[in-house]
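File shown here: coords.cif, holding mmCIF, C-alpha atoms.
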```cif
data_input
loop_
_atom_site.label_atom_id
_atom_site.label_comp_id
_atom_site.auth_asym_id
_atom_site.auth_seq_id
_atom_site.Cartn_x
_atom_site.Cartn_y
_atom_site.Cartn_z
CA MET A 48 0.00 0.00 0.00
CA THR A 49 1.36 3.40 -1.01
CA LEU A 50 0.65 6.30 1.31
CA GLY A 51 -0.61 9.41 -0.45
CA ARG A 52 0.70 12.88 0.20
CA PRO A 53 -2.27 15.29 0.59
CA SER A 54 -1.99 18.42 -1.49
CA ALA A 55 -4.02 21.38 -2.69
CA VAL A 56 -3.93 23.40 -5.89
CA VAL A 57 -4.98 27.04 -5.53
CA THR A 58 -5.74 29.11 -8.64
CA VAL A 59 -6.13 32.89 -8.25
CA ASP A 60 -6.96 34.95 -11.34
CA GLY A 61 -5.65 32.15 -13.53
CA ARG A 62 -2.37 31.70 -11.65
CA ARG A 63 -2.09 28.08 -10.52
CA LEU A 64 0.01 27.18 -7.46
CA THR A 65 0.31 23.98 -5.48
CA SER A 66 0.03 24.21 -1.71
CA ALA A 67 3.82 23.91 -1.47
CA GLU A 68 4.43 26.63 -4.06
CA GLY A 69 1.86 28.92 -2.45
CA ALA A 70 3.00 28.30 1.15
CA VAL A 71 -0.53 27.19 2.06
CA VAL A 72 -1.08 26.31 5.71
CA ARG A 73 -4.74 25.28 5.64
CA VAL A 74 -7.61 24.87 3.18
CA ARG A 75 -11.24 24.40 4.19
CA VAL A 76 -14.15 24.00 1.78
CA ARG A 77 -17.76 23.70 2.94
CA LEU A 78 -20.27 22.35 0.44
CA GLY A 79 -23.99 22.19 1.09
CA ARG A 80 -27.42 22.97 -0.28
CA GLY A 81 -29.05 26.41 -0.58
CA PRO A 82 -29.83 28.88 0.81
CA ALA A 83 -26.21 29.21 1.99
CA HIS A 84 -23.49 29.59 -0.64
CA ASP A 85 -20.60 27.13 -0.60
CA ASP A 86 -17.66 28.84 1.08
CA ALA A 87 -13.92 28.35 1.26
CA GLU A 88 -10.95 29.56 3.26
CA CYS A 89 -7.29 29.33 2.26
CA VAL A 90 -4.71 30.29 4.91
CA CYS A 91 -1.17 31.05 3.75
CA TRP A 92 2.16 32.18 5.21
CA PRO A 93 2.70 35.97 5.20
CA SER A 94 5.31 35.61 2.44
CA SER A 95 3.02 33.50 0.20
CA LYS A 96 2.70 34.32 -3.50
CA LEU A 97 -1.08 34.19 -2.96
CA THR A 98 -1.13 37.32 -0.79
CA THR A 99 -1.58 39.48 -3.90
CA ALA A 100 -5.19 38.27 -4.15
CA ALA A 101 -7.83 40.92 -3.55
CA PRO A 102 -11.59 40.88 -3.04
CA GLY A 103 -13.18 40.10 -6.39
CA SER A 104 -10.32 37.88 -7.59
CA THR A 105 -11.39 34.56 -9.09
CA LEU A 106 -10.48 31.59 -6.92
CA ALA A 107 -10.52 27.84 -7.58
CA LEU A 108 -9.47 24.99 -5.30
CA ALA A 109 -8.51 21.38 -5.93
CA LEU A 110 -7.70 18.76 -3.30
CA GLY A 111 -6.27 15.25 -3.26
CA ASN A 112 -2.96 13.46 -3.40
CA ALA A 113 -0.04 15.39 -4.86
CA GLY A 114 -0.23 15.28 -8.64
CA ASP A 115 -3.77 13.90 -8.61
CA GLU A 116 -5.83 16.76 -7.15
CA THR A 117 -9.54 16.98 -7.95
CA ASP A 118 -11.40 20.25 -8.47
CA VAL A 119 -13.77 20.86 -5.56
CA TRP A 120 -14.75 24.54 -5.59
CA THR A 121 -14.88 27.60 -7.86
CA GLY A 122 -15.83 31.11 -6.83
CA GLU A 123 -14.37 34.46 -5.91
CA VAL A 124 -12.40 36.03 -3.11
CA THR A 125 -14.82 37.94 -0.91
CA GLY A 126 -12.37 38.93 1.81
CA VAL A 127 -8.67 38.97 2.64
CA ARG A 128 -7.82 38.64 6.33
CA ARG A 129 -4.29 39.62 7.34
CA ALA A 130 -2.50 38.88 10.61
CA PRO A 131 1.15 38.74 11.73
CA ASP A 132 1.25 34.97 11.29
CA GLY A 133 -0.47 34.71 7.92
CA VAL A 134 -3.02 35.74 5.32
CA ALA A 135 -6.43 34.10 4.84
CA LEU A 136 -8.38 34.25 1.60
CA GLU A 137 -12.13 33.94 2.17
CA GLY A 138 -14.38 33.05 -0.73
CA LEU A 139 -17.91 32.24 -1.82
CA ALA A 140 -18.95 30.00 -4.70
CA SER A 141 -19.90 31.42 -8.09
CA SER A 142 -23.56 31.21 -7.08
CA VAL A 143 -23.02 34.39 -5.04
CA ALA A 144 -23.73 36.32 -8.26
CA LEU A 145 -27.39 35.27 -7.85
CA SER A 146 -27.49 37.02 -4.46
CA ARG A 147 -26.43 40.23 -6.20
CA THR A 148 -29.04 39.99 -8.95
CA PHE A 149 -32.40 41.68 -8.47
CA LEU A 150 -35.10 41.79 -11.12
CA SER A 151 -38.85 42.14 -11.51
CA GLN A 152 -40.35 39.73 -14.01
CA THR A 153 -43.36 37.48 -14.43
CA PHE A 154 -42.87 34.08 -16.04
CA VAL A 155 -46.02 32.82 -17.78
CA ASP A 156 -46.63 29.20 -18.77
CA LEU A 157 -43.02 28.14 -18.30
CA SER A 158 -41.67 24.99 -16.72
CA ILE A 159 -39.92 25.27 -13.38
CA ALA A 160 -36.65 24.26 -15.07
CA ASP A 161 -37.01 27.10 -17.60
CA VAL A 162 -37.63 29.63 -14.83
CA VAL A 163 -34.49 28.41 -13.04
CA ARG A 164 -32.42 28.73 -16.21
CA GLN A 165 -33.66 32.25 -16.89
CA LEU A 166 -32.94 33.42 -13.35
CA ALA A 167 -29.44 31.93 -13.51
CA SER A 168 -28.84 33.49 -16.93
CA ALA A 169 -29.76 36.92 -15.57
CA ALA A 170 -26.93 36.54 -13.04
CA GLY A 171 -24.44 35.12 -15.55
CA VAL A 172 -24.34 31.76 -13.74
CA ASP A 173 -24.09 28.54 -15.76
CA VAL A 174 -26.62 25.76 -15.17
CA ASP A 175 -25.30 22.22 -15.06
CA GLU A 176 -28.71 20.61 -14.49
CA ALA A 177 -32.26 21.83 -13.83
CA SER A 178 -35.20 19.50 -13.30
CA GLY A 179 -38.86 20.38 -13.03
CA ASP A 180 -41.15 19.73 -15.97
CA ALA A 181 -44.27 21.06 -14.24
CA THR A 182 -45.57 24.21 -15.89
CA LEU A 183 -46.35 27.24 -13.75
CA PRO A 184 -49.28 29.30 -15.10
CA ALA A 185 -47.63 32.39 -13.63
CA TYR A 186 -44.64 32.92 -11.37
CA ALA A 187 -43.58 36.43 -10.41
CA VAL A 188 -40.24 37.58 -9.01
CA ASP A 189 -39.64 41.07 -7.71
CA ASP A 190 -36.56 43.13 -6.90
CA ARG A 191 -37.25 43.22 -3.18
CA ARG A 192 -35.42 39.89 -2.97
CA SER A 193 -32.52 38.43 -4.90
CA ALA A 194 -32.70 35.86 -7.69
CA TRP A 195 -31.00 33.44 -5.27
CA ALA A 196 -33.86 33.83 -2.78
CA HIS A 197 -36.44 33.16 -5.48
CA LEU A 198 -34.53 30.08 -6.67
CA ASN A 199 -34.55 28.66 -3.16
CA ASP A 200 -38.29 29.38 -2.89
CA LEU A 201 -38.84 27.37 -6.06
CA ALA A 202 -36.73 24.56 -4.63
CA GLU A 203 -38.86 24.47 -1.49
CA LEU A 204 -42.07 24.44 -3.53
CA THR A 205 -40.94 21.53 -5.69
CA GLY A 206 -38.87 19.50 -3.23
CA ALA A 207 -35.71 20.19 -5.21
CA GLU A 208 -32.27 21.04 -3.86
CA VAL A 209 -29.95 23.81 -5.02
CA THR A 210 -26.26 22.88 -5.16
CA VAL A 211 -23.20 24.07 -7.07
CA THR A 212 -20.74 21.94 -9.03
CA ALA A 213 -16.98 22.05 -8.61
CA ALA A 214 -16.83 24.29 -11.69
CA GLY A 215 -19.32 26.75 -10.18
CA ALA A 216 -22.39 25.76 -12.22
CA LEU A 217 -25.86 25.55 -10.67
CA LYS A 218 -27.73 22.29 -10.07
CA PHE A 219 -31.46 22.36 -9.33
CA VAL A 220 -32.61 18.77 -8.90
CA ALA A 221 -34.95 16.71 -6.77
CA PRO A 222 -33.30 14.32 -4.30
CA SER A 223 -32.82 10.91 -5.86
CA SER A 224 -34.77 8.03 -4.33
CA PRO A 225 -32.94 4.85 -5.28
CA SER A 226 -34.77 1.60 -5.08
CA GLY A 227 -33.80 -0.92 -2.47
CA GLY A 228 -34.32 -1.82 1.14
CA GLY A 229 -35.42 0.84 3.55
CA GLY A 230 -33.91 -0.63 6.67
CA LEU A 231 -32.62 2.07 8.97
CA GLY A 232 -31.64 0.05 12.01
CA GLY A 233 -28.16 0.86 13.29
CA LEU A 234 -27.41 3.93 11.21
CA VAL A 235 -23.83 4.05 12.45
CA GLU A 236 -23.21 0.46 11.39
CA GLN A 237 -24.74 1.22 7.99
CA VAL A 238 -22.50 4.22 7.49
CA ALA A 239 -19.51 2.06 8.33
CA SER A 240 -20.33 -0.18 5.37
CA LEU A 241 -21.79 2.24 2.84
CA VAL A 242 -20.61 2.59 -0.72
CA LEU A 243 -20.86 6.14 -1.99
CA GLY A 244 -22.21 7.03 -5.41
CA GLY A 245 -20.10 8.96 -7.86
CA GLY A 246 -17.24 6.47 -7.94
CA ALA A 247 -16.12 6.76 -4.31
CA SER A 248 -14.86 3.69 -2.50
CA GLY A 249 -16.63 1.95 0.37
CA LEU A 250 -16.11 3.07 3.94
CA ARG A 251 -15.03 0.74 6.72
CA TYR A 252 -14.70 1.65 10.39
CA GLY A 253 -11.09 1.38 11.47
CA ALA A 254 -9.88 1.93 7.91
CA ASN A 255 -11.06 5.02 6.00
CA LEU A 256 -13.99 5.77 8.35
CA LEU A 257 -12.40 7.77 11.16
CA GLY A 258 -15.36 8.78 13.33
CA TRP A 259 -19.12 9.05 13.50
CA ARG A 260 -22.04 10.46 15.46
CA ALA A 261 -25.67 9.49 14.79
CA THR A 262 -28.90 11.05 16.05
CA SER A 263 -32.52 9.89 15.89
CA ARG A 264 -35.37 12.40 16.06
CA LYS A 265 -39.12 12.48 15.77
CA ALA A 266 -40.27 13.43 12.30
CA PRO A 267 -41.28 17.12 12.16
CA ALA A 268 -44.89 18.04 11.47
CA THR A 269 -45.72 19.19 7.95
CA ALA A 270 -48.39 21.54 6.67
CA SER A 271 -51.11 20.40 4.30
CA VAL A 272 -51.13 21.96 0.84
CA ALA A 273 -54.22 23.06 -1.06
CA ALA A 274 -54.65 24.24 -4.66
CA TYR A 275 -55.15 27.97 -5.09
CA GLY A 276 -58.26 27.91 -7.23
CA ALA A 277 -61.22 25.96 -8.53
CA ALA A 278 -59.42 25.14 -11.77
CA SER A 279 -57.99 22.17 -9.89
CA GLU A 280 -61.41 20.53 -10.10
CA SER A 281 -62.67 21.90 -13.41
CA GLY A 282 -59.52 21.74 -15.48
CA SER A 283 -57.05 24.44 -16.48
CA ALA A 284 -59.13 25.33 -19.55
CA LYS A 285 -62.00 26.53 -17.36
CA TRP A 286 -62.40 29.98 -15.86
CA HIS A 287 -60.16 30.20 -12.81
CA TRP A 288 -62.13 30.91 -9.64
CA ILE A 289 -60.29 31.62 -6.40
CA ARG A 290 -61.63 29.27 -3.76
CA HIS A 291 -63.12 30.73 -0.58
CA ASP A 292 -61.74 27.93 1.59
CA PRO A 293 -59.03 26.02 -0.31
CA ASP A 294 -58.22 23.79 2.66
CA ALA A 295 -61.73 22.84 3.64
CA ALA A 296 -60.57 19.80 5.60
CA GLY A 297 -58.94 22.07 8.17
CA ARG A 298 -56.45 19.50 9.46
CA GLY A 299 -54.00 22.05 10.81
CA PRO A 300 -51.46 24.41 9.24
CA ALA A 301 -51.94 24.80 5.50
CA ARG A 302 -49.99 26.30 2.65
CA ILE A 303 -51.78 28.01 -0.21
CA VAL A 304 -49.33 28.86 -3.00
CA PRO A 305 -50.71 31.05 -5.82
CA ALA A 306 -48.24 29.60 -8.32
CA LEU A 307 -49.68 26.11 -7.74
CA ARG A 308 -53.21 26.28 -9.11
CA THR A 309 -53.95 22.62 -9.68
CA ARG A 310 -54.63 19.76 -7.33
CA ASP A 311 -51.80 17.73 -8.85
CA ALA A 312 -49.29 20.52 -8.14
CA ALA A 313 -50.53 20.86 -4.57
CA GLU A 314 -50.28 17.12 -4.00
CA ALA A 315 -46.75 17.10 -5.43
CA LEU A 316 -45.68 19.77 -2.95
CA ALA A 317 -47.38 17.94 -0.09
CA GLY A 318 -45.51 14.79 -1.05
CA ALA A 319 -42.19 16.64 -1.18
CA LEU A 320 -42.77 18.11 2.29
CA ALA A 321 -43.70 14.69 3.71
CA ALA A 322 -40.63 13.04 2.15
CA ARG A 323 -38.36 15.74 3.55
CA ALA A 324 -39.83 15.25 7.03
CA ALA A 325 -39.44 11.48 6.80
CA ARG A 326 -35.76 11.79 5.89
CA ALA A 327 -35.12 14.10 8.86
CA VAL A 328 -35.68 11.35 11.45
CA ARG A 329 -32.10 10.17 11.17
CA ARG A 330 -28.95 12.26 10.83
CA ALA A 331 -25.33 11.26 11.18
CA THR A 332 -22.01 13.07 10.99
CA VAL A 333 -19.21 10.96 9.58
CA VAL A 334 -15.49 11.76 9.32
CA VAL A 335 -13.60 9.94 6.59
CA VAL A 336 -10.18 10.00 5.00
CA GLY A 337 -10.24 12.94 2.58
CA ASP A 338 -12.06 12.30 -0.68
CA ALA A 339 -12.47 15.30 -2.99
CA THR A 340 -15.10 13.50 -5.08
CA LEU A 341 -17.68 13.63 -2.26
CA ARG A 342 -20.39 16.26 -2.80
CA PRO A 343 -23.86 17.02 -1.41
CA GLY A 344 -26.67 15.21 -3.19
CA GLN A 345 -24.77 11.97 -3.72
CA THR A 346 -26.62 8.82 -2.70
CA THR A 347 -25.00 6.09 -0.66
CA THR A 348 -25.87 2.43 -1.06
CA ILE A 349 -25.86 0.27 2.04
CA ALA A 350 -24.86 -3.36 1.77
CA ASP A 351 -23.82 -6.32 3.93
CA ILE A 352 -25.22 -4.98 7.19
CA PRO A 353 -25.56 -7.85 9.69
CA GLY A 354 -29.14 -8.12 10.93
CA ASP A 355 -30.42 -5.27 8.74
CA PRO A 356 -32.06 -5.41 5.28
CA GLY A 357 -29.98 -2.46 4.09
CA GLY A 358 -30.98 0.99 2.92
CA ASP A 359 -29.74 4.19 1.39
CA LEU A 360 -28.23 7.43 2.70
CA ARG A 361 -27.71 10.82 1.11
CA LEU A 362 -24.99 13.39 1.65
CA LEU A 363 -26.44 16.68 2.86
CA ALA A 364 -23.21 18.57 3.46
CA VAL A 365 -19.51 17.99 2.99
CA GLU A 366 -16.61 19.82 4.63
CA HIS A 367 -13.15 19.16 3.22
CA THR A 368 -10.18 20.22 5.36
CA LEU A 369 -6.49 20.03 4.53
CA ASP A 370 -3.94 21.11 7.15
CA GLY A 371 -0.79 20.03 8.91
CA ASP A 372 -2.57 18.59 11.94
CA ALA A 373 -5.00 16.05 10.48
CA GLY A 374 -3.89 15.92 6.86
CA PHE A 375 -6.82 15.69 4.45
CA VAL A 376 -10.17 14.69 5.98
CA SER A 377 -13.80 15.01 4.87
CA ARG A 378 -16.68 15.50 7.29
CA LEU A 379 -20.05 14.34 5.96
CA VAL A 380 -23.59 15.00 7.14
CA VAL A 381 -25.92 12.22 5.95
CA GLU A 382 -29.59 11.26 6.21
CA PRO A 383 -31.77 8.40 4.91
CA SER A 384 -32.55 8.90 1.23
CA SER A 385 -36.15 7.77 1.61
#
```

Take the structure I supplied and represent it as structure tokens, if you would.
Amino acid sequence: MTLGRPSAVVTVDGRRLTSAEGAVVRVRVRLGRGPAHDDAECVCWPSSKLTTAAPGSTLALALGNAGDETDVWTGEVTGVRRAPDGVALEGLASSVALSRTFLSQTFVDLSIADVVRQLASAAGVDVDEASGDATLPAYAVDDRRSAWAHLNDLAELTGAEVTVTAAGALKFVAPSSPSGGGGLGGLVEQVASLVLGGGASGLRYGANLLGWRATSRKAPATASVAAYGAASESGSAKWHWIRHDPDAAGRGPARIVPALRTRDAAEALAGALAARAARAVRRATVVVVGDATLRPGQTTTIADIPGDPGGDLRLLAVEHTLDGDAGFVSRLVVEPSS
């Protein structure tokens, strides 16, 4: 077995330096799902060649074994923190441009995916993937909130998740629900044997799984969802009457979303809320040997769990850290995928 030598590659305004060349002390990258932007911090020696970076500079980070680093994050320098013992570059992912974009526009008879693409285009942000074939009769955005806020509203309405690729492109996709066993007994033991999607290797406690912490909770309550108007019963070709009491059942908190005018759309949102609540009953934090290929949204497949039928987990957040104390480690937050 050959031991790897953890390394980083830092690129500022097109200038590419390895961690050794740039006198890098520590790199931390935190990847998650909206509404927070992925952020990064790169700490260097005071004499580092990277200290010429300034707020607004482009910044890209790659992590892995020396000579085999994998791109993990692309964005811009949002702050430069200087101290006697070093300089820290702070950055936010390219999606931050959406938080600086404000527009007033009404989208008529467009799919959710098309609305997402148009909002991203207005901010100059590339879209890697956008799902959502459902057509919205009308969806209005206004300049009191950013395009990023409206994108995250759409994600909540449709059960999708907003993430950013290593190259800085936007992904707007619904969580995958792989088929297979739904056994959730012994979450820690499952994590110790999971095989991650996206080409990552399996994890084994005592080998590349370094630590874990699992928590069980009661599923949170969810609101019922009702269609906005009577067209849900009469068909979209009929005159659209606003219903006096959309949630006539009165089973508790209810959400009435004007953009969702049909019963099918309301039921889809209700299903997304229920699925999200069901997944929240189990959460675990797992620390593994650094793997730059791990990203939020990946699905894990559980196999060979003694006394358990198996199941699936999803990565909610990933924090990659490279420093002189622990080397390269990745901290994962996971939940059941279904």

For Val172 in chain A, which of A:Ala216, A:Val124, A:Ala266, A:Ala331 is the closest residue, counting only C-alpha atoms?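 Checking each candidate against Val172 in chain A, we get A:Ala216 as the closest.
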
Distance CA of Leu363 in chain A-CA of Glu382 in chain A, one decimal place?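 Separating CA of Leu363 in chain A from CA of Glu382 in chain A is a distance of 7.1 Å.
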
What does the distance from CA of Arg75 in chain A to CA of Asp372 in chain A come to in Å, to one decimal?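 Between CA of Arg75 in chain A and CA of Asp372 in chain A the gap works out to 13.0 Å.
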
Decode the PyMOL selection byres ((chain A and resi 82-96) around 7) for the given file into explicit residues and return them as JSON, numbers by chain. {"A": [69, 70, 71, 72, 73, 74, 75, 76, 77, 78, 79, 80, 81, 97, 98, 99, 132, 133, 134, 135, 136, 137, 138, 139, 140, 142, 143, 199]}

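Atom pair CA of Val334 in chain A / CA of Glu208 in chain A has a distance of 23.3 Å (rounded to one decimal).
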
If the PyMOL selection byres ((chain A and resi 188-191) around 12) is run on the structure shown, which residues does it catch, given as a PyMOL selection string? chain A and resi 146-155+162-163+165-166+185-187+192-198+200-201+306

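Shortest separation to Arg342 in chain A among A:Leu108, A:Ala101, A:Ala67, A:Val380 occurs at residue A:Val380, atoms counted being all atoms listed in the file.
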
Would you please work out which residue, of A:Val59, A:Val381, A:Ala167, A:Ala214, is nearest to Gly344 in chain A when using all atoms listed in the file?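 Nearest candidate to Gly344 in chain A out of A:Val59, A:Val381, A:Ala167, A:Ala214: A:Val381.
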
With distances taken over only C-alpha atoms, which residue among A:Leu145, A:Val56, A:Ala130, A:Val333 lies nearest Leu106 in chain A?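 The answer is A:Val56, which sits nearest to Leu106 in chain A.
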
For Val376 in chain A, which of A:Gly206, A:Gly337, A:Pro102, A:Gly258 is the closest residue, counting only C-alpha atoms?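 Selected residue with least distance to Val376 in chain A: A:Gly337.
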
Residues matched by the PyMOL selection byres ((chain A and resi 339) around 10), written as a PyMOL selection string: chain A and resi 109-112+116-120+213+247+336-338+340-342+365-368+375-377

Could you tell me, as a PyMOL selection string, which residues have any atom at most 6 Å from (-47.9, 26.7, -16.4), counting all atoms listed in the file? chain A and resi 156-157+182-184
